[in-house]
Amino acid sequence: MGLGRASETLQTIRKILPFCRKAVVDADALSALSCSTFEALAGKCELIVTPHAGEFTSLSDIETPENQEDCIKAVKEFSEEKGIVTLLKGKIDVISDGKKTRLNRTGNAGMTVGGTGDVLAGLTGSLFARNSAFLAAACAAYINGAAGDLAFEKAGNGLLATDVIENIPEIIKEER
């Protein structure tokens with residue numbers, strides 16, 4: 001997050017990723033990914049990508065469908081083809097590893113504020129350190145959205161990414 005899209009930066013990302021066993025790629029770093037990058041990482045690096053609709057279109061060369069069923073199909077096919085987990089951020093998040101797909105309905109329009117995607121990527125990475133890619137992405141989407149819902153109850157549309165962060169412990173310790 002926040003790396004920028006300078007060609008030197010994107011080249012560095014492409015050089016570093018093959019040395020990673022696990023990685024979460026979000027925001028500007030998504031611009032570093034290409035077919036050859038996915039091929040180079042196959043079998044070496046478990047990868048989770050967390051694009052929004054526009055980033056997904058750039059990454060996959062698939063126009064992100066508006067219809068939910070078509071969107072689920074596109075994410076699933078992309079994930080299967082690339083051998084990655086995709087967490088497509090949106091009103092309803094779509095998480096797929098190409099075999100399994102989950103939808104996350106937590107979250108709200110107030111979370112379109114800058115930084116909440118960074119919180120999601122960080123949360124995904126922390127869960128991914130000890131869990132499978134699919135489980136980490138699905139749980140992170142839920143926790144981030146639920147924490148955002150609590151933040152919205154307290155701050156309304158003026159919520160900040162830090163408000164989401166502050167509510168994560170409450171969501172994690174909730175019994176469901």
# chains A, B, ... in the order shown; residues from 1 in each chain; ligands from 1
$ residues_around --residues "Thr86 (chain A)" --least-positions-apart "4" --cutoff "7 Å" --atoms "only C-alpha atoms" --output "list in words"
Ile48, Val49, Thr50, Val75, Ser79, Ile95, Ser96 and Asp97 of chain A
$ write_last_selection --atoms "C-alpha atoms" --output "mmCIF file, in the first residue's frame"
data_model
loop_
_atom_site.group_PDB
_atom_site.id
_atom_site.type_symbol
_atom_site.label_atom_id
_atom_site.label_comp_id
_atom_site.auth_asym_id
_atom_site.auth_seq_id
_atom_site.Cartn_x
_atom_site.Cartn_y
_atom_site.Cartn_z
ATOM 1 C CA ILE A 48 -3.677 -13.127 -1.976
ATOM 2 C CA VAL A 49 -4.708 -10.132 -4.069
ATOM 3 C CA THR A 50 -7.181 -7.571 -2.711
ATOM 4 C CA VAL A 75 -13.409 -13.984 -9.603
ATOM 5 C CA SER A 79 -8.359 -17.230 -9.063
ATOM 6 C CA ILE A 95 -13.413 -14.210 -1.925
ATOM 7 C CA SER A 96 -12.287 -17.182 -4.014
ATOM 8 C CA ASP A 97 -9.401 -19.593 -4.413
#
$ residues_around --residues "Cys35 (chain A)" --least-positions-apart "6" --cutoff "12 Å" --atoms "only C-alpha atoms" --output "number ranges by chain"
A: 14, 41-42, 58-61, 78, 81-83
$ atom_distance --atom1 "CA of Glu46 (chain A)" --atom2 "CA of Cys139 (chain A)"
16.9 Å
$ atom_distance --atom1 "CA of Glu153 (chain A)" --atom2 "CA of Ala140 (chain A)"
19.9 Å
$ closest_residue --among "A:Lys44, A:Lys173, A:Arg5, A:Lys100" --to "Ala29 (chain A)" --atoms "only C-alpha atoms"
A:Arg5
$ closest_atom_pairs --of "region 6-82 of chain A" --to "region 106-130 of chain A" --cutoff "12 Å" --atoms "only C-alpha atoms" --output "tab-separated table"
residue	atom	partner	partner_atom	distance
A:Cys20	CA	A:Ala129	CA	11.9
A:Arg21	CA	A:Ala129	CA	10.1
A:Lys22	CA	A:Phe128	CA	7.7
A:Ala23	CA	A:Gly125	CA	7.3
A:Val24	CA	A:Gly125	CA	5.9
A:Val25	CA	A:Ala121	CA	7.7
A:Asp26	CA	A:Ala121	CA	6.6
A:Ala27	CA	A:Asp118	CA	8.2
A:Asp28	CA	A:Asp118	CA	11.1
A:Ala29	CA	A:Ala121	CA	11.7
A:Glu46	CA	A:Phe128	CA	9.7
A:Leu47	CA	A:Phe128	CA	9.8
A:Ile48	CA	A:Thr124	CA	8.4
A:Val49	CA	A:Ala121	CA	8.8
A:Thr50	CA	A:Ala121	CA	7.0
A:Pro51	CA	A:Gly117	CA	9.1
A:His52	CA	A:Gly117	CA	9.0
$ write_last_selection --atoms "C-alpha atoms" --output "compact mmCIF listing (two decimals), in the first residue's frame"
# COMPACT_ATOMS: atom_id res chain seq x y z
CA CYS A 20 8.21 -14.75 -0.64
CA ARG A 21 6.47 -17.86 0.57
CA LYS A 22 3.30 -15.87 1.27
CA ALA A 23 2.25 -12.39 0.16
CA VAL A 24 -0.75 -10.09 0.18
CA VAL A 25 -0.73 -7.68 -2.74
CA ASP A 26 -2.93 -4.58 -2.63
CA ALA A 27 -3.30 -1.13 -4.12
CA ASP A 28 -0.33 0.21 -6.12
CA ALA A 29 1.52 -3.13 -5.90
CA GLU A 46 1.03 -18.29 -1.99
CA LEU A 47 -0.63 -15.08 -3.08
CA ILE A 48 -3.68 -13.13 -1.98
CA VAL A 49 -4.71 -10.13 -4.07
CA THR A 50 -7.18 -7.57 -2.71
CA PRO A 51 -8.40 -5.44 -5.62
CA HIS A 52 -11.46 -3.24 -5.89
$ residues_around --residues "Val94 (chain A)" --least-positions-apart "2" --cutoff "10 Å" --atoms "only C-alpha atoms" --output "short mmCIF file (atom, residue, chain, number, x, y, z; two decimals) with N, CA and C atoms, in the first residue's frame"
data_model
loop_
_atom_site.label_atom_id
_atom_site.label_comp_id
_atom_site.auth_asym_id
_atom_site.auth_seq_id
_atom_site.Cartn_x
_atom_site.Cartn_y
_atom_site.Cartn_z
N THR A 50 -6.01 -8.23 -3.29
CA THR A 50 -7.18 -7.57 -2.71
C THR A 50 -7.60 -6.35 -3.54
N GLN A 68 -24.13 -9.98 -9.74
CA GLN A 68 -23.39 -10.68 -8.71
C GLN A 68 -22.96 -12.09 -9.13
N CYS A 71 -20.09 -11.82 -11.47
CA CYS A 71 -18.92 -11.34 -10.73
C CYS A 71 -18.27 -12.50 -9.98
N ILE A 72 -19.08 -13.30 -9.31
CA ILE A 72 -18.57 -14.47 -8.59
C ILE A 72 -17.86 -15.41 -9.55
N LYS A 73 -18.47 -15.65 -10.69
CA LYS A 73 -17.88 -16.53 -11.70
C LYS A 73 -16.54 -15.98 -12.18
N VAL A 75 -14.43 -13.91 -10.66
CA VAL A 75 -13.41 -13.98 -9.60
C VAL A 75 -12.94 -15.42 -9.42
N LYS A 76 -13.89 -16.35 -9.43
CA LYS A 76 -13.54 -17.76 -9.27
C LYS A 76 -12.64 -18.24 -10.41
N THR A 86 -8.30 -14.46 -4.46
CA THR A 86 -8.72 -13.10 -4.76
C THR A 86 -9.77 -12.67 -3.75
N LEU A 87 -9.58 -11.49 -3.18
CA LEU A 87 -10.56 -10.87 -2.30
C LEU A 87 -10.99 -9.60 -3.03
N LEU A 88 -12.06 -9.69 -3.79
CA LEU A 88 -12.57 -8.54 -4.53
C LEU A 88 -13.41 -7.69 -3.59
N LYS A 89 -12.91 -6.48 -3.31
CA LYS A 89 -13.59 -5.57 -2.39
C LYS A 89 -14.77 -4.91 -3.09
N GLY A 90 -15.87 -4.82 -2.38
CA GLY A 90 -17.04 -4.16 -2.94
C GLY A 90 -18.14 -4.10 -1.90
N LYS A 91 -19.33 -3.72 -2.33
CA LYS A 91 -20.49 -3.70 -1.41
C LYS A 91 -20.64 -5.07 -0.78
N ILE A 92 -20.50 -6.10 -1.60
CA ILE A 92 -20.40 -7.48 -1.13
C ILE A 92 -19.05 -7.98 -1.62
N SER A 96 -12.35 -15.88 -3.36
CA SER A 96 -12.29 -17.18 -4.01
C SER A 96 -10.85 -17.65 -4.18
N THR A 101 -15.72 -20.39 -2.88
CA THR A 101 -16.02 -18.96 -2.95
C THR A 101 -16.88 -18.59 -1.76
N ARG A 102 -16.57 -17.47 -1.16
CA ARG A 102 -17.37 -16.94 -0.06
C ARG A 102 -17.72 -15.50 -0.37
N LEU A 103 -18.86 -15.08 0.16
CA LEU A 103 -19.29 -13.69 0.05
C LEU A 103 -19.28 -13.08 1.44
N ASN A 104 -18.87 -11.84 1.53
CA ASN A 104 -18.89 -11.13 2.80
C ASN A 104 -19.79 -9.91 2.66
N ARG A 105 -20.78 -9.85 3.54
CA ARG A 105 -21.75 -8.76 3.49
C ARG A 105 -21.56 -7.73 4.60
N ALA A 137 -8.19 -14.64 4.00
CA ALA A 137 -8.90 -13.62 3.22
C ALA A 137 -10.37 -13.52 3.62
N ALA A 138 -11.01 -14.67 3.79
CA ALA A 138 -12.43 -14.66 4.16
C ALA A 138 -12.64 -14.07 5.56
N ALA A 141 -11.93 -10.24 5.59
CA ALA A 141 -13.03 -9.47 5.00
C ALA A 141 -14.15 -9.30 6.01
#
$ closest_residue --among "A:Ser31, A:Leu135, A:Cys45, A:Leu3" --to "Ile16 (chain A)" --atoms "only C-alpha atoms"
A:Cys45
$ closest_residue --among "A:Asn144, A:Asn157, A:Thr37, A:Thr64" --to "Leu17 (chain A)" --atoms "only C-alpha atoms"
A:Thr37
$ atom_distance --atom1 "CA of Ala147 (chain A)" --atom2 "CA of Lys99 (chain A)"
27.7 Å
$ select_by_dssp --residues "region 16-170 of chain A" --states "helix (DSSP H, G or I)" --output "ChimeraX atom specification"
/A:16-19,27-32,35-41,53-60,68-82,109-112,116-128,133-158,161-170
$ write_last_selection --atoms "C-alpha atoms" --output "short mmCIF file (atom, residue, chain, number, x, y, z; two decimals), in the first residue's frame"
data_model
loop_
_atom_site.label_atom_id
_atom_site.label_comp_id
_atom_site.auth_asym_id
_atom_site.auth_seq_id
_atom_site.Cartn_x
_atom_site.Cartn_y
_atom_site.Cartn_z
CA ILE A 16 10.97 -9.52 -4.41
CA LEU A 17 7.79 -11.62 -4.79
CA PRO A 18 9.56 -14.82 -5.97
CA PHE A 19 11.45 -14.85 -2.66
CA ALA A 27 -3.30 -1.13 -4.12
CA ASP A 28 -0.33 0.21 -6.12
CA ALA A 29 1.52 -3.13 -5.90
CA LEU A 30 -1.24 -4.78 -7.95
CA SER A 31 0.14 -2.86 -10.94
CA ALA A 32 3.31 -4.97 -10.71
CA CYS A 35 0.78 -13.04 -16.55
CA SER A 36 4.53 -13.60 -16.41
CA THR A 37 4.61 -12.63 -12.73
CA PHE A 38 1.88 -15.15 -11.91
CA GLU A 39 3.75 -17.83 -13.87
CA ALA A 40 7.01 -17.04 -12.05
CA LEU A 41 5.28 -17.31 -8.67
CA ALA A 53 -13.48 -3.49 -9.12
CA GLY A 54 -11.28 -1.16 -11.17
CA GLU A 55 -8.09 -2.87 -10.02
CA PHE A 56 -9.62 -6.28 -10.75
CA THR A 57 -10.39 -5.20 -14.31
CA SER A 58 -6.79 -4.01 -14.80
CA LEU A 59 -5.37 -7.15 -13.23
CA SER A 60 -7.53 -9.68 -15.03
CA GLN A 68 -23.39 -10.68 -8.71
CA GLU A 69 -23.48 -14.19 -10.19
CA ASP A 70 -21.27 -13.13 -13.11
CA CYS A 71 -18.92 -11.34 -10.73
CA ILE A 72 -18.57 -14.47 -8.59
CA LYS A 73 -17.88 -16.53 -11.70
CA ALA A 74 -15.23 -14.07 -12.95
CA VAL A 75 -13.41 -13.98 -9.60
CA LYS A 76 -13.54 -17.76 -9.27
CA GLU A 77 -12.21 -18.35 -12.79
CA PHE A 78 -9.46 -15.75 -12.40
CA SER A 79 -8.36 -17.23 -9.06
CA GLU A 80 -8.32 -20.76 -10.45
CA GLU A 81 -6.41 -19.76 -13.58
CA LYS A 82 -3.75 -17.84 -11.64
CA ALA A 109 -20.50 2.92 2.46
CA GLY A 110 -18.63 4.90 5.12
CA MET A 111 -15.69 2.56 4.58
CA THR A 112 -14.94 4.03 1.16
CA THR A 116 -9.79 1.09 5.15
CA GLY A 117 -8.44 -1.05 2.30
CA ASP A 118 -5.00 -0.78 3.90
CA VAL A 119 -6.50 -2.01 7.17
CA LEU A 120 -8.03 -4.95 5.29
CA ALA A 121 -4.72 -5.82 3.60
CA GLY A 122 -2.85 -5.65 6.91
CA LEU A 123 -5.44 -7.76 8.66
CA THR A 124 -5.33 -10.27 5.79
CA GLY A 125 -1.55 -10.48 6.07
CA SER A 126 -1.61 -10.99 9.81
CA LEU A 127 -4.17 -13.80 9.55
CA PHE A 128 -2.31 -15.30 6.57
CA ALA A 133 -4.79 -18.03 2.18
CA PHE A 134 -8.51 -18.63 1.65
CA LEU A 135 -9.33 -18.68 5.37
CA ALA A 136 -7.23 -15.59 6.02
CA ALA A 137 -8.90 -13.62 3.22
CA ALA A 138 -12.43 -14.66 4.16
CA CYS A 139 -11.95 -13.97 7.88
CA ALA A 140 -10.18 -10.66 7.24
CA ALA A 141 -13.03 -9.47 5.00
CA TYR A 142 -15.57 -10.32 7.69
CA ILE A 143 -13.59 -8.84 10.60
CA ASN A 144 -12.73 -5.64 8.70
CA GLY A 145 -16.33 -5.14 7.58
CA ALA A 146 -17.81 -5.88 11.00
CA ALA A 147 -15.31 -3.51 12.66
CA GLY A 148 -16.31 -0.92 10.05
CA ASP A 149 -19.97 -1.45 10.91
CA LEU A 150 -19.22 -0.79 14.60
CA ALA A 151 -17.19 2.29 13.65
CA PHE A 152 -20.10 3.52 11.52
CA GLU A 153 -22.48 3.18 14.48
CA LYS A 154 -20.19 5.45 16.49
CA ALA A 155 -18.88 7.91 13.86
CA GLY A 156 -21.31 7.73 10.94
CA ASN A 157 -20.04 8.71 7.51
CA GLY A 158 -17.17 10.59 9.17
CA ALA A 161 -9.59 3.95 9.04
CA THR A 162 -8.29 4.28 12.61
CA ASP A 163 -11.90 3.92 13.83
CA VAL A 164 -12.06 0.56 12.04
CA ILE A 165 -8.76 -0.52 13.63
CA GLU A 166 -10.00 0.39 17.11
CA ASN A 167 -13.00 -1.93 16.70
CA ILE A 168 -11.12 -5.01 15.47
CA PRO A 169 -10.44 -6.44 18.97
CA GLU A 170 -14.13 -6.22 19.85
#
